[in-house]
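S.K.: File name target_32.cif; file contents mmCIF, C-alpha atoms; full text below.
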```
data_target
#
loop_
_atom_site.label_atom_id
_atom_site.label_comp_id
_atom_site.auth_asym_id
_atom_site.auth_seq_id
_atom_site.Cartn_x
_atom_site.Cartn_y
_atom_site.Cartn_z
CA MET A 1081 0.00 0.00 0.00
CA ASN A 1082 2.78 2.40 1.07
CA GLU A 1083 4.64 1.41 -2.05
CA GLN A 1084 1.68 2.48 -4.22
CA ILE A 1085 1.29 5.78 -2.34
CA GLU A 1086 4.99 6.53 -2.82
CA GLN A 1087 4.76 5.67 -6.50
CA ASP A 1088 1.72 7.91 -7.00
CA TRP A 1089 3.43 10.74 -5.11
CA LEU A 1090 6.51 10.46 -7.31
CA ASP A 1091 4.49 10.29 -10.54
CA ARG A 1092 2.45 13.33 -9.46
CA ARG A 1093 5.60 15.34 -8.69
CA LEU A 1094 7.07 14.37 -12.06
CA GLN A 1095 3.89 15.40 -13.88
CA GLU A 1096 3.75 18.71 -11.99
CA ALA A 1097 7.36 19.40 -12.90
CA ALA A 1098 6.48 19.03 -16.60
CA LEU A 1099 4.89 22.43 -17.04
CA TYR A 1100 3.38 23.68 -20.26
CA ILE A 1101 6.06 25.28 -22.43
CA GLN A 1102 4.80 28.41 -24.22
CA ASP A 1103 5.05 28.25 -28.00
CA ASP A 1104 6.95 31.59 -28.30
CA GLY A 1105 7.30 31.33 -32.07
CA PHE A 1106 8.42 27.69 -32.06
CA THR A 1107 5.62 26.55 -34.41
CA ALA A 1108 6.39 29.39 -36.83
CA ARG A 1109 10.07 28.41 -36.89
CA VAL A 1110 9.15 24.78 -37.65
CA LEU A 1111 6.77 25.82 -40.44
CA GLN A 1112 9.50 27.96 -42.00
CA GLN A 1113 11.75 24.92 -42.21
CA LEU A 1114 9.21 22.68 -43.93
CA PRO A 1115 9.78 21.92 -47.61
CA ALA A 1116 7.54 23.84 -50.02
CA PRO A 1117 4.10 22.26 -50.49
CA ARG A 1118 3.49 20.20 -53.62
CA PRO A 1119 2.34 22.44 -56.49
CA ALA A 1120 -1.27 21.92 -57.55
CA GLY A 1121 -1.82 19.56 -60.45
CA GLN A 1122 1.06 17.31 -59.51
CA PHE A 1123 -1.31 14.35 -59.70
CA LEU A 1124 -1.03 14.66 -63.50
CA ARG A 1125 2.68 13.86 -63.37
CA PRO A 1126 2.40 10.03 -63.62
CA PHE A 1127 -0.06 10.30 -66.53
CA ILE A 1128 2.29 12.67 -68.37
CA LEU A 1129 5.23 10.31 -67.77
CA VAL A 1130 3.33 7.25 -69.05
CA GLY A 1131 2.06 9.21 -72.07
CA MET A 1132 5.53 10.45 -72.98
CA SER A 1133 6.98 6.92 -72.63
CA ALA A 1134 4.26 5.46 -74.87
CA LEU A 1135 4.85 8.17 -77.47
CA ALA A 1136 8.62 7.65 -77.40
CA SER A 1137 8.16 3.87 -77.78
CA ALA A 1138 5.84 4.30 -80.74
CA LEU A 1139 8.25 6.75 -82.37
CA THR A 1140 11.20 4.38 -81.86
CA TYR A 1141 9.20 1.49 -83.33
CA VAL A 1142 8.32 3.46 -86.45
CA LEU A 1143 11.80 4.98 -86.97
CA SER A 1144 13.57 1.63 -86.48
CA ASP A 1145 11.72 -0.07 -89.30
CA GLY A 1146 9.31 -2.00 -87.08
CA GLY A 1147 11.96 -2.87 -84.48
CA ARG A 1148 14.06 -4.87 -86.93
CA PHE A 1149 17.22 -4.01 -84.99
CA ILE A 1150 15.92 -6.09 -82.03
CA LEU A 1151 15.78 -9.22 -84.20
CA VAL A 1152 19.26 -8.50 -85.58
CA GLU A 1153 20.68 -8.04 -82.07
CA MET A 1154 18.94 -11.21 -80.83
CA PHE A 1155 20.58 -13.13 -83.67
CA ARG A 1156 23.98 -11.64 -82.78
CA LEU A 1157 23.44 -12.61 -79.14
CA THR A 1158 23.14 -16.29 -80.13
CA THR A 1159 26.64 -16.15 -81.64
CA ILE A 1160 28.27 -14.87 -78.42
CA PRO A 1161 30.30 -17.52 -76.47
CA THR A 1162 28.30 -19.14 -73.61
CA LEU A 1163 30.85 -18.07 -70.98
CA TRP A 1164 30.28 -14.43 -71.88
CA VAL A 1165 26.52 -14.82 -71.56
CA VAL A 1166 26.92 -16.47 -68.14
CA ALA A 1167 29.29 -13.71 -66.97
CA PHE A 1168 26.88 -11.05 -68.23
CA ALA A 1169 23.92 -12.73 -66.47
CA LEU A 1170 25.90 -12.98 -63.20
CA ALA A 1171 26.99 -9.34 -63.34
CA SER A 1172 23.42 -8.21 -64.06
CA GLY A 1173 22.10 -10.33 -61.18
CA MET A 1174 24.62 -8.85 -58.76
CA LEU A 1175 23.84 -5.33 -59.91
CA VAL A 1176 20.10 -5.86 -59.36
CA MET A 1177 20.77 -7.45 -55.95
CA ALA A 1178 22.94 -4.48 -54.88
CA GLY A 1179 20.17 -2.11 -55.97
CA GLY A 1180 17.61 -4.12 -53.99
CA ILE A 1181 19.75 -4.13 -50.85
CA PHE A 1182 20.35 -0.38 -51.13
CA ALA A 1183 16.61 0.29 -51.59
CA ALA A 1184 15.74 -1.96 -48.61
CA MET A 1185 18.27 -0.19 -46.39
CA SER A 1186 16.96 3.24 -47.39
CA LYS A 1187 13.39 2.10 -46.71
CA THR A 1188 14.37 0.75 -43.27
CA SER A 1189 15.90 4.03 -42.15
CA TYR A 1190 12.87 5.89 -43.54
CA ILE A 1191 10.49 3.74 -41.47
CA GLN A 1192 12.59 4.10 -38.31
CA HIS A 1193 12.12 7.85 -38.51
CA MET B 687 -15.49 21.25 -33.80
CA GLU B 688 -11.81 20.63 -33.15
CA LEU B 689 -10.17 18.08 -35.42
CA THR B 690 -8.47 15.05 -33.88
CA ASP B 691 -4.79 14.37 -34.49
CA ALA B 692 -5.77 11.67 -36.99
CA GLY B 693 -7.97 14.16 -38.88
CA LEU B 694 -5.14 16.68 -39.06
CA VAL B 695 -2.71 13.99 -40.26
CA ALA B 696 -5.20 13.04 -42.99
CA ARG B 697 -5.32 16.67 -44.14
CA VAL B 698 -1.52 16.79 -44.31
CA LEU B 699 -1.47 13.54 -46.30
CA VAL B 700 -4.23 14.38 -48.75
CA ASP B 701 -3.86 18.14 -49.27
CA ASP B 702 -0.28 18.65 -48.06
CA ASP B 703 -1.94 21.13 -45.69
CA GLN B 704 0.85 22.86 -43.75
CA HIS B 705 -1.66 24.74 -41.58
CA ALA B 706 -2.96 21.38 -40.33
CA PHE B 707 0.60 20.34 -39.59
CA GLY B 708 1.12 23.65 -37.77
CA GLU B 709 -1.84 22.78 -35.54
CA LEU B 710 -0.23 19.41 -34.77
CA VAL B 711 3.02 21.19 -33.87
CA ARG B 712 1.14 23.64 -31.60
CA ARG B 713 -0.59 20.75 -29.83
CA HIS B 714 2.51 18.67 -29.20
CA GLN B 715 5.37 21.18 -29.02
CA SER B 716 5.24 21.48 -25.24
CA SER B 717 5.45 17.76 -24.47
CA VAL B 718 8.10 17.08 -27.13
CA ARG B 719 10.26 20.04 -26.08
CA GLY B 720 9.77 19.13 -22.42
CA LEU B 721 10.88 15.55 -23.01
CA LEU B 722 13.94 16.68 -24.97
CA ARG B 723 14.85 19.29 -22.35
CA GLN B 724 15.02 16.57 -19.76
CA LEU B 725 16.83 14.11 -21.99
CA THR B 726 19.46 16.77 -22.72
CA ARG B 727 19.66 17.58 -18.99
CA GLY B 728 18.34 21.08 -19.35
CA ASP B 729 20.15 22.29 -22.46
CA LEU B 730 17.24 24.39 -23.73
CA ALA B 731 18.82 25.52 -27.01
CA LEU B 732 19.86 22.00 -27.98
CA ALA B 733 16.47 20.59 -26.94
CA ASP B 734 14.62 23.14 -29.10
CA ASP B 735 16.91 22.47 -32.08
CA LEU B 736 16.24 18.75 -31.72
CA ALA B 737 12.50 19.36 -31.36
CA GLN B 738 12.48 21.43 -34.57
CA ASP B 739 14.41 18.71 -36.35
CA ALA B 740 11.95 16.10 -35.01
CA PHE B 741 8.89 18.01 -36.29
CA VAL B 742 10.45 18.60 -39.71
CA ARG B 743 11.28 14.89 -39.95
CA ALA B 744 7.75 14.04 -38.87
CA TYR B 745 6.39 16.19 -41.70
CA LYS B 746 8.71 14.68 -44.30
CA ASN B 747 7.93 11.12 -43.19
CA ILE B 748 4.28 11.51 -42.30
CA ARG B 749 3.37 8.85 -44.86
CA SER B 750 5.05 6.27 -42.63
CA PHE B 751 2.60 7.11 -39.81
CA ARG B 752 0.15 4.21 -40.02
CA GLY B 753 -2.13 5.24 -37.18
CA GLU B 754 -1.41 2.03 -35.22
CA ALA B 755 -0.04 4.10 -32.33
CA LYS B 756 -1.07 7.53 -31.08
CA PHE B 757 0.40 10.43 -33.06
CA SER B 758 2.15 11.64 -29.90
CA THR B 759 3.84 8.23 -29.41
CA TRP B 760 5.06 8.33 -33.01
CA LEU B 761 6.37 11.86 -32.44
CA TYR B 762 8.17 10.87 -29.23
CA ARG B 763 9.88 8.10 -31.16
CA ILE B 764 11.14 10.53 -33.79
CA ALA B 765 12.23 12.99 -31.09
CA TYR B 766 14.03 10.23 -29.20
CA ASN B 767 15.79 9.12 -32.41
CA CYS B 768 16.90 12.73 -33.03
CA PHE B 769 18.25 12.91 -29.49
CA ARG B 770 20.07 9.57 -29.81
CA GLU B 771 21.65 10.50 -33.13
CA ASP B 772 22.80 13.83 -31.74
CA ALA B 773 24.18 12.21 -28.57
CA ARG B 774 26.03 9.69 -30.71
CA ARG B 775 27.46 12.54 -32.80
CA ARG B 776 28.59 14.41 -29.73
CA LYS B 777 29.76 11.20 -28.02
CA GLU B 778 28.88 12.72 -24.69
CA LEU B 779 25.80 14.20 -23.12
CA VAL B 780 25.71 17.84 -22.19
CA GLY B 781 25.85 18.96 -18.57
CA ILE B 782 22.85 20.43 -16.79
CA ASN B 783 22.42 24.18 -17.02
CA GLU B 784 20.88 24.56 -13.58
CA GLU B 785 20.39 28.33 -13.54
CA GLN B 786 18.50 28.42 -16.82
CA TRP B 787 16.65 25.23 -15.90
CA GLN B 788 15.35 26.66 -12.66
CA ALA B 789 14.40 29.98 -14.25
CA GLU B 790 12.12 28.09 -16.67
CA GLN B 791 10.10 26.43 -13.95
CA ASP B 792 7.01 27.98 -12.39
CA PRO B 793 7.50 28.33 -8.62
CA GLN B 794 3.73 28.31 -7.98
CA THR B 795 2.93 24.69 -8.70
CA VAL B 796 5.68 22.62 -7.13
CA ASP B 797 7.93 23.55 -4.28
CA ALA B 798 11.10 24.98 -5.85
CA GLY B 799 13.44 22.96 -3.66
CA LEU B 800 11.67 19.71 -4.34
CA ARG B 801 11.56 20.45 -8.07
CA HIS B 802 15.25 21.23 -8.10
CA ASP B 803 16.05 17.98 -6.31
CA LEU B 804 13.72 16.03 -8.57
CA MET B 805 15.30 17.43 -11.73
CA HIS B 806 18.75 16.84 -10.35
CA ALA B 807 17.86 13.27 -9.36
CA LEU B 808 16.44 12.70 -12.85
CA SER B 809 19.57 14.04 -14.49
CA LEU B 810 21.64 11.58 -12.46
CA LEU B 811 19.75 8.56 -13.77
CA PRO B 812 21.38 6.64 -16.61
CA LEU B 813 19.85 7.52 -19.98
CA HIS B 814 17.88 4.25 -20.39
CA GLU B 815 16.21 4.65 -16.98
CA ARG B 816 15.67 8.41 -17.39
CA SER B 817 13.99 7.95 -20.78
CA ALA B 818 11.70 5.20 -19.49
CA VAL B 819 10.72 7.17 -16.35
CA LEU B 820 10.08 10.35 -18.34
CA LEU B 821 7.89 8.62 -20.90
CA CYS B 822 5.90 6.43 -18.50
CA CYS B 823 5.70 8.47 -15.28
CA GLN B 824 5.75 12.00 -16.64
CA ASN B 825 4.22 11.78 -20.12
CA GLY B 826 1.74 9.06 -19.23
CA LEU B 827 2.70 6.52 -21.89
CA SER B 828 1.94 2.88 -21.24
CA HIS B 829 4.88 0.49 -20.95
CA GLY B 830 4.02 -0.86 -24.40
CA GLU B 831 4.01 2.60 -25.96
CA ALA B 832 7.31 3.47 -24.30
CA ALA B 833 8.78 0.22 -25.64
CA ARG B 834 7.81 1.34 -29.17
CA VAL B 835 9.31 4.79 -28.66
CA LEU B 836 12.57 3.50 -27.22
CA ASP B 837 12.68 0.47 -29.52
CA ILE B 838 13.43 -1.93 -26.68
CA PRO B 839 11.53 -4.97 -25.30
CA LEU B 840 8.55 -4.41 -23.01
CA GLY B 841 10.25 -6.23 -20.09
CA THR B 842 13.27 -3.94 -20.34
CA VAL B 843 11.04 -0.87 -20.15
CA LYS B 844 9.34 -2.22 -17.01
CA THR B 845 12.69 -2.95 -15.40
CA ASN B 846 14.07 0.47 -16.30
CA VAL B 847 10.99 2.26 -14.92
CA LEU B 848 11.16 0.22 -11.71
CA ARG B 849 14.87 0.86 -11.21
CA GLY B 850 14.58 4.53 -12.12
CA ARG B 851 11.67 5.01 -9.71
CA GLU B 852 13.58 3.27 -6.91
CA LYS B 853 16.59 5.54 -7.41
CA LEU B 854 14.42 8.66 -7.51
CA LYS B 855 12.61 7.58 -4.35
CA LYS B 856 15.90 7.03 -2.56
CA THR B 857 17.24 10.41 -3.63
CA LEU B 858 14.01 12.18 -2.69
CA ALA B 859 13.40 10.21 0.52
CA VAL B 860 14.06 13.34 2.57
CA TRP B 861 10.95 14.99 1.04
CA GLY B 862 8.66 12.12 2.04
CA SER B 863 5.32 11.36 0.37
CA LYS B 864 3.24 14.22 1.63
#
```
Let's see the structure in the file written out as structure tokens.

M.R.:
Amino acid sequence: MNEQIEQDWLDRRLQEAALYIQDDGFTARVLQQLPAPRPAGQFLRPFILVGMSALASALTYVLSDGGRFILVEMFRLTTIPTLWVVAFALASGMLVMAGGIFAAMSKTSYIQH
Amino acid sequence: MELTDAGLVARVLVDDDQHAFGELVRRHQSSVRGLLRQLTRGDLALADDLAQDAFVRAYKNIRSFRGEAKFSTWLYRIAYNCFREDARRRKELVGINEEQWQAEQDPQTVDAGLRHDLMHALSLLPLHERSAVLLCCQNGLSHGEAARVLDIPLGTVKTNVLRGREKLKKTLAVWGSK
């Protein structure tokens, strides 16, 4: 019982010691440091990006004679020694893995904050 | 009708409404600055710098607030992370600025001598016990919420609060529980 009374007494003293701190311009200083708000109409950005990509792809297809160069390059790829292909695949895999690890680490620190 | 914290957060998320965020800052600035003042042992300038940093980080990362905990608990966690990072950078914690500390307190509510001893006793606690006592006993967080803020197991929080309280009681024994 005494233990509880002592605990309540201590908690009350601690709460009383935590007095309200006047703002005194603190909020204004924080607001000044915030990044500028997103400009209106930014929701259109992904649609513009997708549209531009589609247009660029169509243009490339037309200018490259129906994508003939892809077939030519695919044929050339079959003539490359197997060891080179394996080395290329390994290097690409490691590059993608490094990117994934970096993205995961960035995301982790973002969540912790 | 006054908006809840969750309502204000929603406005920030949907409309990027900085006025709504300003209201959140106004609501929580006192408790966050108070917590940081005590964690920094009364270094008011450092505590306010850290509090500003914490609110700016909160704004930038508000999308990671999932609403599973109270907004204040999430804020305390950011503030505590800011403090820890700064302490790590400095490699040592700053000393208490007693004169400035006392001048900030209101002599009407708690006896000045007791308050002084209480603050001094708090500043003597190791950081892990001080943080747990401040969050649970002073800011009214549950042990579970404090465990989230401090990123330590629930049992450790309970132990730290218990040990911290015991040490404070010993130091303040002369004042008795009147």

S.K.: I want to know what sits within 9 Å of stretch 813-818 of chain B, based on all atoms listed in the file, with residues of the same chain fewer than 2 positions away left out; could you give that as an NGL selection string?

M.R.: :B and (721 or 724-725 or 766 or 808-811 or 820-823 or 829 or 832-833 or 836 or 843-851)

S.K.: Report, in Å with one decimal, the straight-line distance from atom CA of A:Ala1136 to atom CA of A:Leu1175.

M.R.: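 Rounded to one decimal, the two atoms are 26.6 Å apart.
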
S.K.: Considering all atoms listed in the file, give me a table of residues in chain B that are at most 9 Å from chain A, with the closest atom pair and distance in Å for each, as CSV.

M.R.:
```
residue,atom,partner,partner_atom,distance
B:Asp701,CA,A:Arg1118,CA,8.8
B:Asp702,CA,A:Pro1117,CA,6.2
B:Asp703,CA,A:Pro1117,CA,7.8
B:Gln704,CA,A:Leu1111,CA,7.4
B:His705,CA,A:Leu1111,CA,8.6
B:Phe707,CA,A:Leu1111,CA,8.3
B:Gly708,CA,A:Thr1107,CA,6.3
B:Glu709,CA,A:Thr1107,CA,8.4
B:Val711,CA,A:Thr1107,CA,6.0
B:Arg712,CA,A:Thr1107,CA,6.0
B:Gln715,CA,A:Asp1103,CA,7.2
B:Ser716,CA,A:Ile1101,CA,4.8
B:Ser717,CA,A:Tyr1100,CA,7.6
B:Arg719,CA,A:Ile1101,CA,7.6
B:Gly720,CA,A:Ala1098,CA,6.7
B:Leu721,CA,A:Ala1098,CA,8.5
B:Asp734,CA,A:Phe1106,CA,8.2
B:Ala737,CA,A:Val1110,CA,9.0
B:Gln738,CA,A:Val1110,CA,5.6
B:Asp739,CA,A:Val1110,CA,8.1
B:Ala740,CA,A:His1193,CA,9.0
B:Phe741,CA,A:Val1110,CA,6.9
B:Val742,CA,A:Leu1114,CA,6.0
B:Arg743,CA,A:His1193,CA,7.2
B:Ala744,CA,A:His1193,CA,7.6
B:Tyr745,CA,A:Leu1114,CA,7.4
B:Lys746,CA,A:Leu1114,CA,8.0
B:Asn747,CA,A:His1193,CA,7.1
B:Ser750,CA,A:Ile1191,CA,6.1
B:Phe751,CA,A:Ile1191,CA,8.7
B:Trp760,CA,A:His1193,CA,9.0
B:Arg763,CA,A:His1193,CA,7.7
B:Ile764,CA,A:His1193,CA,5.5
B:Asn767,CA,A:His1193,CA,7.2
B:Cys768,CA,A:His1193,CA,8.8
B:Glu790,CA,A:Ile1101,CA,8.8
B:Gln791,CA,A:Leu1099,CA,7.3
B:Asp792,CA,A:Leu1099,CA,7.5
B:Thr795,CA,A:Glu1096,CA,6.9
B:Val796,CA,A:Glu1096,CA,6.5
B:Leu800,CA,A:Arg1093,CA,8.7
B:Arg801,CA,A:Ala1097,CA,6.5
B:Leu804,CA,A:Leu1094,CA,7.7
B:Met805,CA,A:Ala1097,CA,8.3
B:Leu820,CA,A:Leu1094,CA,8.0
B:Cys822,CA,A:Asp1091,CA,9.0
B:Cys823,CA,A:Asp1091,CA,5.2
B:Gln824,CA,A:Gln1095,CA,4.8
B:Asn825,CA,A:Gln1095,CA,7.2
B:Gly826,CA,A:Gln1095,CA,8.6
B:Arg851,CA,A:Gln1087,CA,7.6
B:Leu854,CA,A:Leu1090,CA,8.1
B:Lys855,CA,A:Leu1090,CA,7.4
B:Leu858,CA,A:Leu1090,CA,9.0
B:Gly862,CA,A:Glu1086,CA,8.3
B:Ser863,CA,A:Glu1086,CA,5.8
B:Lys864,CA,A:Trp1089,CA,7.6
```

S.K.: Enter the distance from atom CA of A:Phe1155 to atom CA of A:Ala1169, in Å, rounded to one decimal.

M.R.: 17.5 Å

S.K.: Please report the interatomic distance between atom CA of B:Glu852 and atom CA of A:Glu1083 in Å with one decimal.

M.R.: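 Answer for the atom CA of B:Glu852 to atom CA of A:Glu1083 separation: 10.3 Å.
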
S.K.: Can you work out which one of B:Ala807, B:Val718, B:Ala692, B:Ala731 has the shortest atom-to-atom distance to B:Glu754, counting only C-alpha atoms?

M.R.: B:Ala692

S.K.: Would you please work out which residue, of B:Glu831, B:Asp772, B:Asp837, B:Asp803, is nearest to B:Ala755 when using all atoms listed in the file?

M.R.: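 For B:Ala755, the nearest of the candidates is B:Glu831.
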
S.K.: With only C-alpha atoms as the counted atoms, please give the residues lying no more than 12 Å from B:Leu689, apart from itself and same-chain residues fewer than 3 positions off, as a list in words.

M.R.: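 So, after excluding close chain neighbours, the residues are Ala692, Gly693, Leu694, Val695, Ala696, Arg697, Ala706, Phe707, Glu709, Leu710 and Arg713 of chain B.
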
S.K.: Could you save those same residues with C-alpha atoms as a PDB file, in the frame of the given file?

M.R.:
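Here's the written file result.pdb:
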```
ATOM      1  CA  ALA B 692      -5.770  11.670 -36.990  1.00  0.00           C
ATOM      2  CA  GLY B 693      -7.970  14.160 -38.880  1.00  0.00           C
ATOM      3  CA  LEU B 694      -5.140  16.680 -39.060  1.00  0.00           C
ATOM      4  CA  VAL B 695      -2.710  13.990 -40.260  1.00  0.00           C
ATOM      5  CA  ALA B 696      -5.200  13.040 -42.990  1.00  0.00           C
ATOM      6  CA  ARG B 697      -5.320  16.670 -44.140  1.00  0.00           C
ATOM      7  CA  ALA B 706      -2.960  21.380 -40.330  1.00  0.00           C
ATOM      8  CA  PHE B 707       0.600  20.340 -39.590  1.00  0.00           C
ATOM      9  CA  GLU B 709      -1.840  22.780 -35.540  1.00  0.00           C
ATOM     10  CA  LEU B 710      -0.230  19.410 -34.770  1.00  0.00           C
ATOM     11  CA  ARG B 713      -0.590  20.750 -29.830  1.00  0.00           C
TER      12      ARG B 713
END
```
